[in-house]
$ cat target01.cif   # mmCIF, C-alpha atoms (C1' of nucleotides)
data_start
#
loop_
_atom_site.label_atom_id
_atom_site.label_comp_id
_atom_site.auth_asym_id
_atom_site.auth_seq_id
_atom_site.Cartn_x
_atom_site.Cartn_y
_atom_site.Cartn_z
CA MET A 1 -29.71 -87.58 66.49
CA SER A 2 -33.05 -88.14 64.80
CA LYS A 3 -32.35 -86.41 61.50
CA LEU A 4 -30.07 -87.58 58.74
CA VAL A 5 -27.61 -84.72 58.89
CA PRO A 6 -23.93 -85.03 58.13
CA SER A 7 -21.86 -85.31 61.26
CA THR A 8 -19.23 -83.01 59.82
CA GLU A 9 -19.88 -79.66 58.24
CA ILE A 10 -18.02 -79.19 54.99
CA VAL A 11 -16.98 -75.68 54.08
CA LEU A 12 -17.27 -75.59 50.33
CA PRO A 13 -15.41 -73.10 48.15
CA THR A 14 -17.45 -69.97 47.62
CA LYS A 15 -17.41 -67.45 44.82
CA ALA A 16 -14.74 -65.55 46.72
CA ASP A 17 -12.47 -68.54 46.01
CA PHE A 18 -12.80 -68.05 42.25
CA PRO A 19 -11.15 -64.70 41.52
CA SER A 20 -11.03 -63.71 37.87
CA TYR A 21 -7.75 -62.74 36.29
CA THR A 22 -6.73 -60.43 33.47
CA PRO A 23 -4.98 -61.92 30.41
CA LYS A 24 -1.63 -60.71 31.73
CA GLN A 25 -2.26 -62.35 35.07
CA GLU A 26 -3.31 -65.52 33.30
CA ALA A 27 -0.01 -65.56 31.42
CA ILE A 28 1.89 -65.15 34.67
CA LEU A 29 -0.04 -67.93 36.39
CA GLN A 30 0.37 -70.24 33.44
CA GLY A 31 4.11 -69.68 33.45
CA ALA A 32 4.26 -70.08 37.21
CA VAL A 33 2.53 -73.47 37.09
CA GLN A 34 5.33 -75.11 35.16
CA VAL A 35 8.12 -73.82 37.36
CA PHE A 36 6.53 -74.27 40.79
CA LEU A 37 5.33 -77.80 40.03
CA ARG A 38 8.74 -78.83 38.76
CA CYS A 39 11.03 -77.04 41.20
CA GLY A 40 8.99 -76.55 44.36
CA TYR A 41 8.51 -73.30 46.24
CA ALA A 42 12.06 -72.53 47.39
CA GLY A 43 13.52 -73.94 44.18
CA THR A 44 11.55 -71.57 42.00
CA SER A 45 13.04 -68.20 41.10
CA MET A 46 10.99 -65.22 40.04
CA ASP A 47 13.37 -64.73 37.11
CA ARG A 48 12.48 -68.20 35.88
CA VAL A 49 8.76 -67.55 36.23
CA ALA A 50 9.12 -64.27 34.35
CA ALA A 51 10.99 -65.96 31.52
CA GLU A 52 8.50 -68.82 31.34
CA ALA A 53 5.54 -66.41 31.32
CA GLY A 54 7.14 -64.06 28.81
CA VAL A 55 6.79 -60.99 31.02
CA SER A 56 9.17 -58.93 33.09
CA LYS A 57 9.74 -59.59 36.72
CA GLN A 58 8.37 -56.26 37.81
CA THR A 59 5.08 -57.07 36.10
CA ILE A 60 4.72 -60.09 38.33
CA TYR A 61 5.41 -58.04 41.44
CA SER A 62 2.87 -55.41 40.41
CA HIS A 63 0.11 -58.00 39.96
CA PHE A 64 0.94 -60.29 42.85
CA GLN A 65 2.27 -58.94 46.10
CA ASP A 66 5.39 -61.10 46.27
CA LYS A 67 6.54 -64.68 45.78
CA GLU A 68 4.26 -65.95 48.50
CA GLY A 69 1.31 -64.10 47.02
CA LEU A 70 1.91 -65.58 43.60
CA PHE A 71 2.34 -69.05 45.02
CA THR A 72 -0.80 -69.02 47.15
CA ALA A 73 -2.91 -67.52 44.35
CA LEU A 74 -1.71 -70.26 42.02
CA MET A 75 -2.17 -73.12 44.46
CA GLU A 76 -5.65 -71.97 45.43
CA ARG A 77 -6.69 -71.78 41.82
CA MET A 78 -5.36 -75.23 40.99
CA THR A 79 -6.97 -76.77 44.05
CA ILE A 80 -10.37 -75.32 43.25
CA ARG A 81 -10.10 -76.41 39.62
CA ARG A 82 -9.30 -79.95 40.64
CA PHE A 83 -12.22 -79.90 42.98
CA GLN A 84 -14.52 -78.91 40.16
CA ALA A 85 -13.13 -81.54 37.80
CA LEU A 86 -13.55 -84.19 40.47
CA PHE A 87 -17.07 -83.55 41.65
CA HIS A 88 -18.86 -81.41 39.12
CA THR A 89 -20.02 -84.29 36.99
CA GLU A 90 -20.46 -86.75 39.81
CA THR A 91 -23.91 -87.35 41.18
CA LEU A 92 -23.99 -90.32 43.48
CA CYS A 93 -27.02 -92.32 42.43
CA GLY A 94 -27.76 -95.76 41.06
CA GLU A 95 -26.99 -99.26 42.23
CA PRO A 96 -24.33 -99.38 44.97
CA GLU A 97 -21.83 -101.56 43.13
CA ALA A 98 -21.96 -99.69 39.82
CA LEU A 99 -21.94 -96.37 41.64
CA LEU A 100 -18.97 -97.16 43.82
CA ARG A 101 -17.02 -98.57 40.91
CA ARG A 102 -17.72 -95.46 38.84
CA PHE A 103 -16.77 -93.22 41.75
CA ALA A 104 -13.51 -95.10 42.36
CA GLU A 105 -12.57 -95.05 38.69
CA THR A 106 -13.34 -91.37 38.27
CA TYR A 107 -11.52 -90.43 41.45
CA LEU A 108 -8.48 -92.53 40.57
CA THR A 109 -8.29 -91.19 37.04
CA GLN A 110 -8.43 -87.64 38.31
CA ILE A 111 -5.89 -87.93 41.12
CA ALA A 112 -3.45 -90.12 39.18
CA ASP A 113 -3.10 -87.39 36.55
CA LYS A 114 0.47 -86.18 36.27
CA GLU A 115 -0.22 -82.53 37.00
CA TYR A 116 -2.47 -83.51 39.87
CA VAL A 117 0.22 -85.66 41.46
CA ALA A 118 2.69 -82.79 41.20
CA LEU A 119 0.20 -80.45 42.89
CA PHE A 120 -0.40 -83.02 45.61
CA GLN A 121 3.33 -83.38 46.22
CA LEU A 122 3.87 -79.65 46.30
CA ILE A 123 1.09 -78.98 48.80
CA ILE A 124 2.30 -81.81 51.03
CA GLY A 125 5.86 -80.55 50.88
CA GLU A 126 4.82 -77.00 51.75
CA SER A 127 2.11 -77.97 54.23
CA ALA A 128 4.14 -76.69 57.18
CA ARG A 129 4.98 -73.35 55.55
CA PHE A 130 1.52 -72.87 54.01
CA PRO A 131 -0.97 -74.58 56.33
CA GLU A 132 -3.95 -72.71 54.92
CA LEU A 133 -3.29 -74.17 51.49
CA ALA A 134 -3.12 -77.66 52.94
CA LYS A 135 -6.40 -77.11 54.78
CA LEU A 136 -8.12 -75.82 51.65
CA TYR A 137 -6.87 -78.81 49.71
CA GLY A 138 -7.93 -81.25 52.41
CA ARG A 139 -11.40 -79.75 52.66
CA THR A 140 -12.11 -79.56 48.97
CA VAL A 141 -10.43 -82.57 47.40
CA ILE A 142 -10.22 -85.19 50.14
CA GLN A 143 -12.99 -84.45 52.62
CA GLN A 144 -15.48 -83.71 49.90
CA GLY A 145 -15.03 -87.16 48.40
CA ARG A 146 -15.51 -88.78 51.79
CA HIS A 147 -18.52 -86.58 52.43
CA LEU A 148 -20.28 -87.62 49.24
CA MET A 149 -19.69 -91.28 50.03
CA SER A 150 -20.70 -91.19 53.66
CA ASP A 151 -23.86 -89.28 52.75
CA TYR A 152 -24.71 -91.97 50.23
CA PHE A 153 -24.07 -94.69 52.82
CA ARG A 154 -26.15 -92.85 55.37
CA HIS A 155 -29.11 -92.63 53.01
CA HIS A 156 -28.85 -96.32 52.12
CA PRO A 157 -29.07 -98.08 55.46
CA GLU A 158 -29.73 -101.37 53.66
CA LEU A 159 -25.98 -101.52 53.04
CA GLY A 160 -25.63 -102.10 56.76
CA PHE A 161 -22.84 -99.68 57.62
CA THR A 162 -22.92 -98.73 61.27
CA ASP A 163 -20.25 -96.06 60.74
CA PRO A 164 -20.56 -94.63 57.22
CA GLU A 165 -18.02 -91.91 57.83
CA ALA A 166 -15.29 -94.34 58.83
CA ILE A 167 -16.03 -96.58 55.84
CA ALA A 168 -15.81 -93.57 53.53
CA HIS A 169 -12.50 -92.70 55.16
CA ILE A 170 -11.17 -96.16 54.39
CA PHE A 171 -12.58 -96.25 50.86
CA VAL A 172 -11.27 -92.88 49.74
CA GLY A 173 -8.07 -93.34 51.74
CA SER A 174 -7.30 -96.55 49.90
CA LEU A 175 -7.58 -94.72 46.60
CA VAL A 176 -5.38 -91.85 47.73
CA SER A 177 -2.69 -94.07 49.20
CA TYR A 178 -2.73 -96.23 46.08
CA VAL A 179 -1.73 -93.23 44.00
CA VAL A 180 0.85 -92.17 46.59
CA ALA A 181 2.44 -95.62 46.60
CA GLN A 182 2.34 -96.15 42.84
CA GLU A 183 3.14 -92.70 41.49
CA ILE A 184 5.16 -90.95 44.19
CA PHE A 185 7.05 -93.87 45.73
CA TYR A 186 7.49 -95.55 42.35
CA GLY A 187 5.54 -98.64 43.37
CA ASN A 188 4.60 -99.10 39.72
CA GLU A 189 8.26 -100.00 39.13
CA THR A 190 9.02 -102.01 42.26
CA SER A 191 5.72 -103.71 43.16
CA PRO A 192 2.96 -103.02 40.66
CA LEU A 193 -0.71 -103.55 41.45
CA SER A 194 -3.26 -102.88 38.76
CA ARG A 195 -6.01 -100.38 39.28
CA ASP A 196 -8.64 -102.98 38.47
CA ARG A 197 -7.34 -105.35 41.12
CA LEU A 198 -7.48 -102.60 43.72
CA ILE A 199 -11.01 -101.56 42.83
CA GLU A 200 -12.29 -105.13 42.62
CA ASN A 201 -10.98 -106.02 46.06
CA LEU A 202 -12.12 -102.74 47.55
CA LEU A 203 -15.67 -103.29 46.31
CA ASN A 204 -15.64 -106.90 47.49
CA LEU A 205 -14.55 -105.79 50.92
CA VAL A 206 -17.15 -103.07 51.23
CA LEU A 207 -20.18 -104.70 49.59
CA HIS A 208 -20.04 -108.48 49.48
CA ARG A 209 -20.18 -109.49 53.07
CA MET B 1 2.55 -121.73 41.38
CA SER B 2 2.57 -124.66 43.76
CA LYS B 3 4.73 -123.17 46.49
CA LEU B 4 3.77 -120.45 48.91
CA VAL B 5 6.23 -117.85 47.73
CA PRO B 6 5.65 -114.14 47.85
CA SER B 7 4.56 -112.82 44.50
CA THR B 8 6.80 -109.77 44.91
CA GLU B 9 10.43 -109.87 45.86
CA ILE B 10 11.29 -107.35 48.52
CA VAL B 11 14.79 -105.94 48.52
CA LEU B 12 15.59 -105.43 52.15
CA PRO B 13 18.23 -103.03 53.39
CA THR B 14 21.60 -104.72 53.70
CA LYS B 15 24.57 -103.93 55.86
CA ALA B 16 25.80 -101.60 53.14
CA ASP B 17 22.81 -99.41 54.00
CA PHE B 18 24.01 -98.90 57.57
CA PRO B 19 27.24 -96.93 57.29
CA SER B 20 28.85 -95.97 60.59
CA TYR B 21 29.76 -92.39 61.28
CA THR B 22 32.42 -90.65 63.34
CA PRO B 23 31.33 -88.39 66.23
CA LYS B 24 31.93 -85.32 64.07
CA GLN B 25 29.81 -86.76 61.32
CA GLU B 26 27.12 -87.61 63.86
CA ALA B 27 27.08 -83.99 65.02
CA ILE B 28 26.71 -82.79 61.44
CA LEU B 29 23.87 -85.21 60.72
CA GLN B 30 22.11 -84.34 63.94
CA GLY B 31 22.28 -80.64 63.07
CA ALA B 32 21.18 -81.31 59.51
CA VAL B 33 18.06 -83.20 60.63
CA GLN B 34 16.55 -80.15 62.29
CA VAL B 35 17.13 -77.82 59.37
CA PHE B 36 16.21 -80.13 56.49
CA LEU B 37 13.02 -81.36 58.16
CA ARG B 38 11.91 -77.81 58.93
CA CYS B 39 12.98 -75.97 55.77
CA GLY B 40 13.05 -78.59 53.02
CA TYR B 41 15.95 -79.28 50.68
CA ALA B 42 16.12 -76.03 48.72
CA GLY B 43 15.18 -74.00 51.79
CA THR B 44 18.12 -75.32 53.78
CA SER B 45 21.44 -73.49 53.68
CA MET B 46 24.74 -75.09 54.48
CA ASP B 47 25.53 -72.10 56.71
CA ARG B 48 22.48 -72.92 58.76
CA VAL B 49 23.40 -76.57 59.05
CA ALA B 50 26.93 -75.62 60.12
CA ALA B 51 25.58 -73.30 62.80
CA GLU B 52 23.07 -75.86 64.06
CA ALA B 53 25.73 -78.58 64.17
CA GLY B 54 28.34 -76.34 65.79
CA VAL B 55 30.98 -76.98 63.13
CA SER B 56 32.37 -74.98 60.25
CA LYS B 57 30.98 -75.24 56.78
CA GLN B 58 34.21 -76.62 55.38
CA THR B 59 34.06 -79.50 57.86
CA ILE B 60 30.73 -80.51 56.37
CA TYR B 61 32.12 -80.39 52.85
CA SER B 62 35.13 -82.48 53.84
CA HIS B 63 32.93 -85.23 55.31
CA PHE B 64 30.09 -85.17 52.80
CA GLN B 65 30.64 -84.47 49.15
CA ASP B 66 28.20 -81.60 48.80
CA LYS B 67 24.68 -80.58 49.77
CA GLU B 68 23.14 -83.45 47.85
CA GLY B 69 25.54 -85.91 49.47
CA LEU B 70 24.66 -84.69 52.93
CA PHE B 71 20.96 -84.79 52.18
CA THR B 72 20.91 -88.29 50.74
CA ALA B 73 23.09 -89.67 53.53
CA LEU B 74 20.74 -88.18 56.09
CA MET B 75 17.54 -89.33 54.42
CA GLU B 76 18.83 -92.85 53.91
CA ARG B 77 19.80 -93.11 57.54
CA MET B 78 16.45 -91.83 58.78
CA THR B 79 14.55 -94.14 56.44
CA ILE B 80 16.46 -97.21 57.58
CA ARG B 81 16.04 -96.26 61.23
CA ARG B 82 12.31 -95.91 60.82
CA PHE B 83 12.22 -99.24 59.10
CA GLN B 84 13.96 -100.86 62.05
CA ALA B 85 11.69 -99.19 64.59
CA LEU B 86 8.64 -100.32 62.63
CA PHE B 87 9.42 -103.94 62.02
CA HIS B 88 12.16 -105.05 64.34
CA THR B 89 9.90 -105.97 67.22
CA GLU B 90 7.00 -107.11 65.09
CA THR B 91 6.47 -110.77 64.54
CA LEU B 92 3.16 -111.53 62.94
CA CYS B 93 1.69 -114.39 64.89
CA GLY B 94 -1.35 -115.07 67.05
CA GLU B 95 -5.07 -114.75 66.50
CA PRO B 96 -5.98 -112.73 63.40
CA GLU B 97 -8.02 -110.04 65.14
CA ALA B 98 -5.56 -109.36 67.95
CA LEU B 99 -2.66 -109.53 65.53
CA LEU B 100 -4.14 -107.10 63.04
CA ARG B 101 -5.17 -104.69 65.76
CA ARG B 102 -1.69 -104.75 67.24
CA PHE B 103 -0.13 -104.30 63.84
CA ALA B 104 -2.39 -101.35 63.01
CA GLU B 105 -1.76 -99.67 66.35
CA THR B 106 2.00 -100.10 66.16
CA TYR B 107 2.12 -98.91 62.57
CA LEU B 108 -0.07 -95.89 63.26
CA THR B 109 1.88 -94.90 66.36
CA GLN B 110 5.13 -95.07 64.44
CA ILE B 111 4.08 -93.18 61.33
CA ALA B 112 2.04 -90.53 63.18
CA ASP B 113 5.15 -89.49 65.07
CA LYS B 114 6.05 -85.86 64.41
CA GLU B 115 9.54 -86.46 63.09
CA TYR B 116 8.28 -89.32 60.97
CA VAL B 117 5.60 -87.15 59.37
CA ALA B 118 8.19 -84.51 58.56
CA LEU B 119 10.42 -87.13 56.94
CA PHE B 120 7.47 -88.45 54.96
CA GLN B 121 6.61 -84.96 53.73
CA LEU B 122 10.20 -84.20 52.79
CA ILE B 123 10.65 -87.40 50.79
CA ILE B 124 7.35 -86.86 49.00
CA GLY B 125 8.25 -83.26 48.20
CA GLU B 126 11.68 -84.25 46.85
CA SER B 127 10.54 -87.46 45.19
CA ALA B 128 11.04 -85.99 41.70
CA ARG B 129 14.52 -84.65 42.43
CA PHE B 130 15.64 -87.69 44.47
CA PRO B 131 13.77 -90.68 43.05
CA GLU B 132 16.16 -93.19 44.60
CA LEU B 133 15.31 -91.93 48.07
CA ALA B 134 11.61 -92.27 47.35
CA LYS B 135 12.14 -95.81 46.09
CA LEU B 136 14.15 -96.77 49.15
CA TYR B 137 11.48 -95.35 51.40
CA GLY B 138 8.69 -97.07 49.51
CA ARG B 139 10.47 -100.41 49.60
CA THR B 140 11.41 -100.36 53.26
CA VAL B 141 8.60 -98.59 55.06
CA ILE B 142 5.52 -99.11 52.91
CA GLN B 143 6.04 -102.28 50.89
CA GLN B 144 7.54 -104.10 53.82
CA GLY B 145 4.38 -103.56 55.86
CA ARG B 146 2.23 -104.85 53.03
CA HIS B 147 4.56 -107.75 52.54
CA LEU B 148 4.33 -108.91 56.14
CA MET B 149 0.55 -108.72 56.02
CA SER B 150 0.05 -110.44 52.69
CA ASP B 151 2.43 -113.20 53.79
CA TYR B 152 0.35 -113.72 56.89
CA PHE B 153 -2.86 -113.79 54.85
CA ARG B 154 -1.32 -116.22 52.40
CA HIS B 155 -0.38 -118.62 55.17
CA HIS B 156 -3.84 -118.42 56.74
CA PRO B 157 -6.18 -119.43 53.93
CA GLU B 158 -8.98 -119.90 56.45
CA LEU B 159 -9.38 -116.11 56.36
CA GLY B 160 -10.67 -116.57 52.84
CA PHE B 161 -8.76 -113.87 50.99
CA THR B 162 -8.52 -114.63 47.32
CA ASP B 163 -6.09 -111.74 46.79
CA PRO B 164 -3.99 -111.24 49.95
CA GLU B 165 -1.71 -108.72 48.32
CA ALA B 166 -4.55 -106.41 47.34
CA ILE B 167 -6.10 -106.66 50.81
CA ALA B 168 -2.76 -105.81 52.39
CA HIS B 169 -2.56 -102.83 50.02
CA ILE B 170 -5.92 -101.59 51.22
CA PHE B 171 -5.20 -102.27 54.88
CA VAL B 172 -1.84 -100.53 55.03
CA GLY B 173 -2.98 -97.83 52.61
CA SER B 174 -5.86 -96.91 54.89
CA LEU B 175 -3.42 -96.40 57.74
CA VAL B 176 -1.05 -94.30 55.66
CA SER B 177 -3.78 -92.11 54.20
CA TYR B 178 -5.30 -91.65 57.64
CA VAL B 179 -2.07 -90.07 58.83
CA VAL B 180 -1.79 -88.01 55.66
CA ALA B 181 -5.32 -86.67 56.05
CA GLN B 182 -5.13 -86.05 59.77
CA GLU B 183 -1.59 -84.76 60.22
CA ILE B 184 -0.59 -83.23 56.90
CA PHE B 185 -3.92 -81.87 55.66
CA TYR B 186 -4.97 -80.88 59.18
CA GLY B 187 -7.98 -83.17 59.21
CA ASN B 188 -7.65 -83.38 62.98
CA GLU B 189 -8.78 -79.75 63.03
CA THR B 190 -11.41 -79.76 60.30
CA SER B 191 -12.91 -83.27 60.41
CA PRO B 192 -11.50 -85.43 63.18
CA LEU B 193 -11.79 -89.21 63.21
CA SER B 194 -10.37 -91.10 66.13
CA ARG B 195 -7.73 -93.72 65.63
CA ASP B 196 -9.88 -96.30 67.42
CA ARG B 197 -12.81 -95.72 65.11
CA LEU B 198 -10.60 -96.23 62.09
CA ILE B 199 -9.05 -99.42 63.38
CA GLU B 200 -12.37 -100.86 64.57
CA ASN B 201 -14.01 -100.33 61.19
CA LEU B 202 -10.98 -101.54 59.30
CA LEU B 203 -10.92 -104.80 61.27
CA ASN B 204 -14.65 -105.23 60.86
CA LEU B 205 -14.33 -104.78 57.14
CA VAL B 206 -11.47 -107.22 56.78
CA LEU B 207 -12.43 -109.94 59.24
CA HIS B 208 -16.14 -110.04 60.09
CA ARG B 209 -17.77 -110.95 56.86
"C1'" DG C 1 1.18 -50.81 33.06
"C1'" DT C 2 5.30 -52.59 31.45
"C1'" DC C 3 10.04 -52.81 30.87
"C1'" DT C 4 15.37 -52.33 31.84
"C1'" DA C 5 18.68 -51.77 35.18
"C1'" DT C 6 20.17 -52.12 39.75
"C1'" DA C 7 20.42 -52.67 44.81
"C1'" DA C 8 21.25 -55.60 48.68
"C1'" DT C 9 21.55 -60.06 50.28
"C1'" DC C 10 22.51 -64.77 50.49
"C1'" DA C 11 23.57 -69.21 48.33
"C1'" DG C 12 27.01 -73.26 47.47
"C1'" DA C 13 31.56 -74.21 47.21
"C1'" DT C 14 36.73 -73.38 47.82
"C1'" DA C 15 41.58 -71.55 49.39
"C1'" DG C 16 44.82 -71.43 52.61
"C1'" DA C 17 46.37 -70.89 57.63
"C1'" DC C 18 47.04 -73.75 61.69
"C1'" DG D 1 41.07 -82.34 60.23
"C1'" DT D 2 39.21 -78.02 61.35
"C1'" DC D 3 38.62 -73.26 61.03
"C1'" DT D 4 38.35 -68.27 58.99
"C1'" DA D 5 37.96 -65.73 55.06
"C1'" DT D 6 36.56 -65.33 50.47
"C1'" DC D 7 34.91 -66.04 45.62
"C1'" DT D 8 31.30 -66.33 42.27
"C1'" DG D 9 26.86 -66.45 40.93
"C1'" DA D 10 21.93 -66.30 41.92
"C1'" DT D 11 18.04 -64.49 44.59
"C1'" DT D 12 14.20 -61.29 46.06
"C1'" DA D 13 12.69 -57.02 45.56
"C1'" DT D 14 12.77 -52.15 43.99
"C1'" DA D 15 13.79 -47.58 41.24
"C1'" DG D 16 13.01 -45.09 37.49
"C1'" DA D 17 12.37 -44.56 32.32
"C1'" DC D 18 8.72 -44.87 28.81
#
$ encode --input "target01.cif" --output "structure tokens"
Amino acid sequence: MSKLVPSTEIVLPTKADFPSYTPKQEAILQGAVQVFLRCGYAGTSMDRVAAEAGVSKQTIYSHFQDKEGLFTALMERMTIRRFQALFHTETLCGEPEALLRRFAETYLTQIADKEYVALFQLIIGESARFPELAKLYGRTVIQQGRHLMSDYFRHHPELGFTDPEAIAHIFVGSLVSYVVAQEIFYGNETSPLSRDRLIENLLNLVLHR
Amino acid sequence: MSKLVPSTEIVLPTKADFPSYTPKQEAILQGAVQVFLRCGYAGTSMDRVAAEAGVSKQTIYSHFQDKEGLFTALMERMTIRRFQALFHTETLCGEPEALLRRFAETYLTQIADKEYVALFQLIIGESARFPELAKLYGRTVIQQGRHLMSDYFRHHPELGFTDPEAIAHIFVGSLVSYVVAQEIFYGNETSPLSRDRLIENLLNLVLHR
DNA sequence: GTCTATAATCAGATAGAC
DNA sequence: GTCTATCTGATTATAGAC
């Protein structure tokens, strides 16, 4: 254990995960987004998707194998896009406090987005039926955030973290569960906690000790 | 603000939330658990529930108004039961470190249970269609945990927390998101982190500073 | 490739016998 | 109260015209 290598290997999305679609396929996917996110997998009918997309049902079946094929293609695309939006612009450098605050704010803004929350809910709800989707999502959106953070901690031993990976788990996990509690379990109505208060206390806990 | 009162009022389940059921109704509910937890709301058919419960479909409709009525009755019951299992035996007293470790271990054990995870997933997936269920769940299972902790912090000012509620948010949130990452997004397969490591680092972060 | 029309099945909910 | 049988509409998927 002499080299500073990550203790977990992250499998990043490759070019094979970014298939390109024809305009017709784009129309289908765009229509499918609305319905799947609102009604869930079983609650979505192909008729509804066809109507929303402005194409016939048979056209959907000729481009995507079946309902499962359409659903997985759509979910994979949305997951990868979120991944890009989350981490494309982020380069973890600068002073620890400013960096961590910027990371937390960016991450929270991204995952508290309405469409994002709906995607999150859908993948959780279908995690048993579509485990590969859940794994892809976990690897790209959740683990990648932890990975960036723990790498930063590892390369800044002056912060004094003996277990950077666990701290990253706690840091990112607090952000994720905040959104779950506030947006999905309606905590913003029953027991609100401002984003600033969360971030301030999280930074205090991690840095000022 | 001179008295030590909780800053958020928790609405606890009352006796009205514990309806009693006849043996026939118990059989129906017991059959419905299996199917709803495995197939989701839309994916569950009343025929299937009837078969699983060993009764006729009409019997279900005569005891519960319709599919929604059966589903909400079942979810409410499971939520309340989990709430009891979580907090009935727990009294927060003793030394901070031992207390917090015991709390974290009990909480994790409870919410990492297979049936519990399935309930969690189902309520998240149906949170848009059944917001009242999500609110009930959030109030009883999640907020109640935070409430117990922040109360404890508030009554032990020697711990030096300027914002007990936010710290409780982070503490309980880390536990919840750990289970989400490990059990729902299959983190135990792709990037495992032991329960002990999480708890140890969480306690370090909160207490030893 | 795209559409209209249709097949085959299954859903939630009810009627009526016992 | 409970069951069997049934109704009505919606669902996935396909056939065949253009």
$ residues_around --input "target01.cif" --residues "B:Phe120" --least-positions-apart "5" --cutoff "12 Å" --atoms "only C-alpha atoms (C1' of nucleotides)" --output "MDAnalysis selection string"
(chainID A and resid 121 124:125 127 180 184:185) or (chainID B and resid 37 40 75 78:79 82 110:115 125:127 133:134 137:138 141:142 176:177 179:180 183:184)
$ write_last_selection --input "target01.cif" --atoms "C-alpha atoms" --output "compact mmCIF listing (two decimals), in the coordinates of the input"
# COMPACT_ATOMS: atom_id res chain seq x y z
CA GLN A 121 3.33 -83.38 46.22
CA ILE A 124 2.30 -81.81 51.03
CA GLY A 125 5.86 -80.55 50.88
CA SER A 127 2.11 -77.97 54.23
CA VAL A 180 0.85 -92.17 46.59
CA ILE A 184 5.16 -90.95 44.19
CA PHE A 185 7.05 -93.87 45.73
CA LEU B 37 13.02 -81.36 58.16
CA GLY B 40 13.05 -78.59 53.02
CA MET B 75 17.54 -89.33 54.42
CA MET B 78 16.45 -91.83 58.78
CA THR B 79 14.55 -94.14 56.44
CA ARG B 82 12.31 -95.91 60.82
CA GLN B 110 5.13 -95.07 64.44
CA ILE B 111 4.08 -93.18 61.33
CA ALA B 112 2.04 -90.53 63.18
CA ASP B 113 5.15 -89.49 65.07
CA LYS B 114 6.05 -85.86 64.41
CA GLU B 115 9.54 -86.46 63.09
CA GLY B 125 8.25 -83.26 48.20
CA GLU B 126 11.68 -84.25 46.85
CA SER B 127 10.54 -87.46 45.19
CA LEU B 133 15.31 -91.93 48.07
CA ALA B 134 11.61 -92.27 47.35
CA TYR B 137 11.48 -95.35 51.40
CA GLY B 138 8.69 -97.07 49.51
CA VAL B 141 8.60 -98.59 55.06
CA ILE B 142 5.52 -99.11 52.91
CA VAL B 176 -1.05 -94.30 55.66
CA SER B 177 -3.78 -92.11 54.20
CA VAL B 179 -2.07 -90.07 58.83
CA VAL B 180 -1.79 -88.01 55.66
CA GLU B 183 -1.59 -84.76 60.22
CA ILE B 184 -0.59 -83.23 56.90
$ resolve_selection --input "target01.cif" --expression "the PyMOL selection byres ((chain C) within 9 of (chain B))" --output "ChimeraX atom specification"
/C:11-14
$ write_last_selection --input "target01.cif" --atoms "C-alpha atoms (C1' of nucleotides)" --output "PDB file, in the coordinates of the input"
ATOM      1  C1'  DA C  11      23.570 -69.210  48.330  1.00  0.00           C
ATOM      2  C1'  DG C  12      27.010 -73.260  47.470  1.00  0.00           C
ATOM      3  C1'  DA C  13      31.560 -74.210  47.210  1.00  0.00           C
ATOM      4  C1'  DT C  14      36.730 -73.380  47.820  1.00  0.00           C
TER       5       DT C  14
END
$ residues_near_point --input "target01.cif" --point "(10.0, -46.9, 29.4)" --cutoff "10 Å" --atoms "all atoms listed in the file" --output "ChimeraX atom specification"
/C:2-4 /D:16-18
$ interface_residues --input "target01.cif" --of "chain D" --to "chain B" --cutoff "12 Å" --atoms "all atoms listed in the file" --output "list in words"
DG1, DT2, DC3, DT4 and DA5 of chain D
$ closest_residue --input "target01.cif" --among "A:Arg77, A:His155, A:Arg102, A:Arg38" --to "chain B" --atoms "all atoms listed in the file"
A:Arg38
$ resolve_selection --input "target01.cif" --expression "the PyMOL selection byres ((chain A and resi 190) around 12)" --output "CSV table (one decimal) with C-alpha atoms, keeping the file's coordinate frame"
chain,number,residue,atom,x,y,z
A,181,ALA,CA,2.4,-95.6,46.6
A,182,GLN,CA,2.3,-96.2,42.8
A,183,GLU,CA,3.1,-92.7,41.5
A,184,ILE,CA,5.2,-91.0,44.2
A,185,PHE,CA,7.0,-93.9,45.7
A,186,TYR,CA,7.5,-95.6,42.4
A,187,GLY,CA,5.5,-98.6,43.4
A,188,ASN,CA,4.6,-99.1,39.7
A,189,GLU,CA,8.3,-100.0,39.1
A,191,SER,CA,5.7,-103.7,43.2
A,192,PRO,CA,3.0,-103.0,40.7
A,193,LEU,CA,-0.7,-103.6,41.4
B,7,SER,CA,4.6,-112.8,44.5
B,8,THR,CA,6.8,-109.8,44.9
B,9,GLU,CA,10.4,-109.9,45.9
B,10,ILE,CA,11.3,-107.4,48.5
B,11,VAL,CA,14.8,-105.9,48.5
B,132,GLU,CA,16.2,-93.2,44.6
B,134,ALA,CA,11.6,-92.3,47.4
B,135,LYS,CA,12.1,-95.8,46.1
B,136,LEU,CA,14.2,-96.8,49.2
B,137,TYR,CA,11.5,-95.4,51.4
B,138,GLY,CA,8.7,-97.1,49.5
B,139,ARG,CA,10.5,-100.4,49.6
B,140,THR,CA,11.4,-100.4,53.3
B,142,ILE,CA,5.5,-99.1,52.9
B,143,GLN,CA,6.0,-102.3,50.9
B,144,GLN,CA,7.5,-104.1,53.8
$ closest_residue --input "target01.cif" --among "B:Leu100, B:Ala42, B:Leu74, B:Ile28" --to "chain A" --atoms "only C-alpha atoms"
B:Ala42
$ residues_around --input "target01.cif" --residues "B:Glu97" --least-positions-apart "2" --cutoff "10 Å" --atoms "all atoms listed in the file" --output "MDAnalysis selection string"
chainID B and resid 94:95 99:103 203:204 206:208
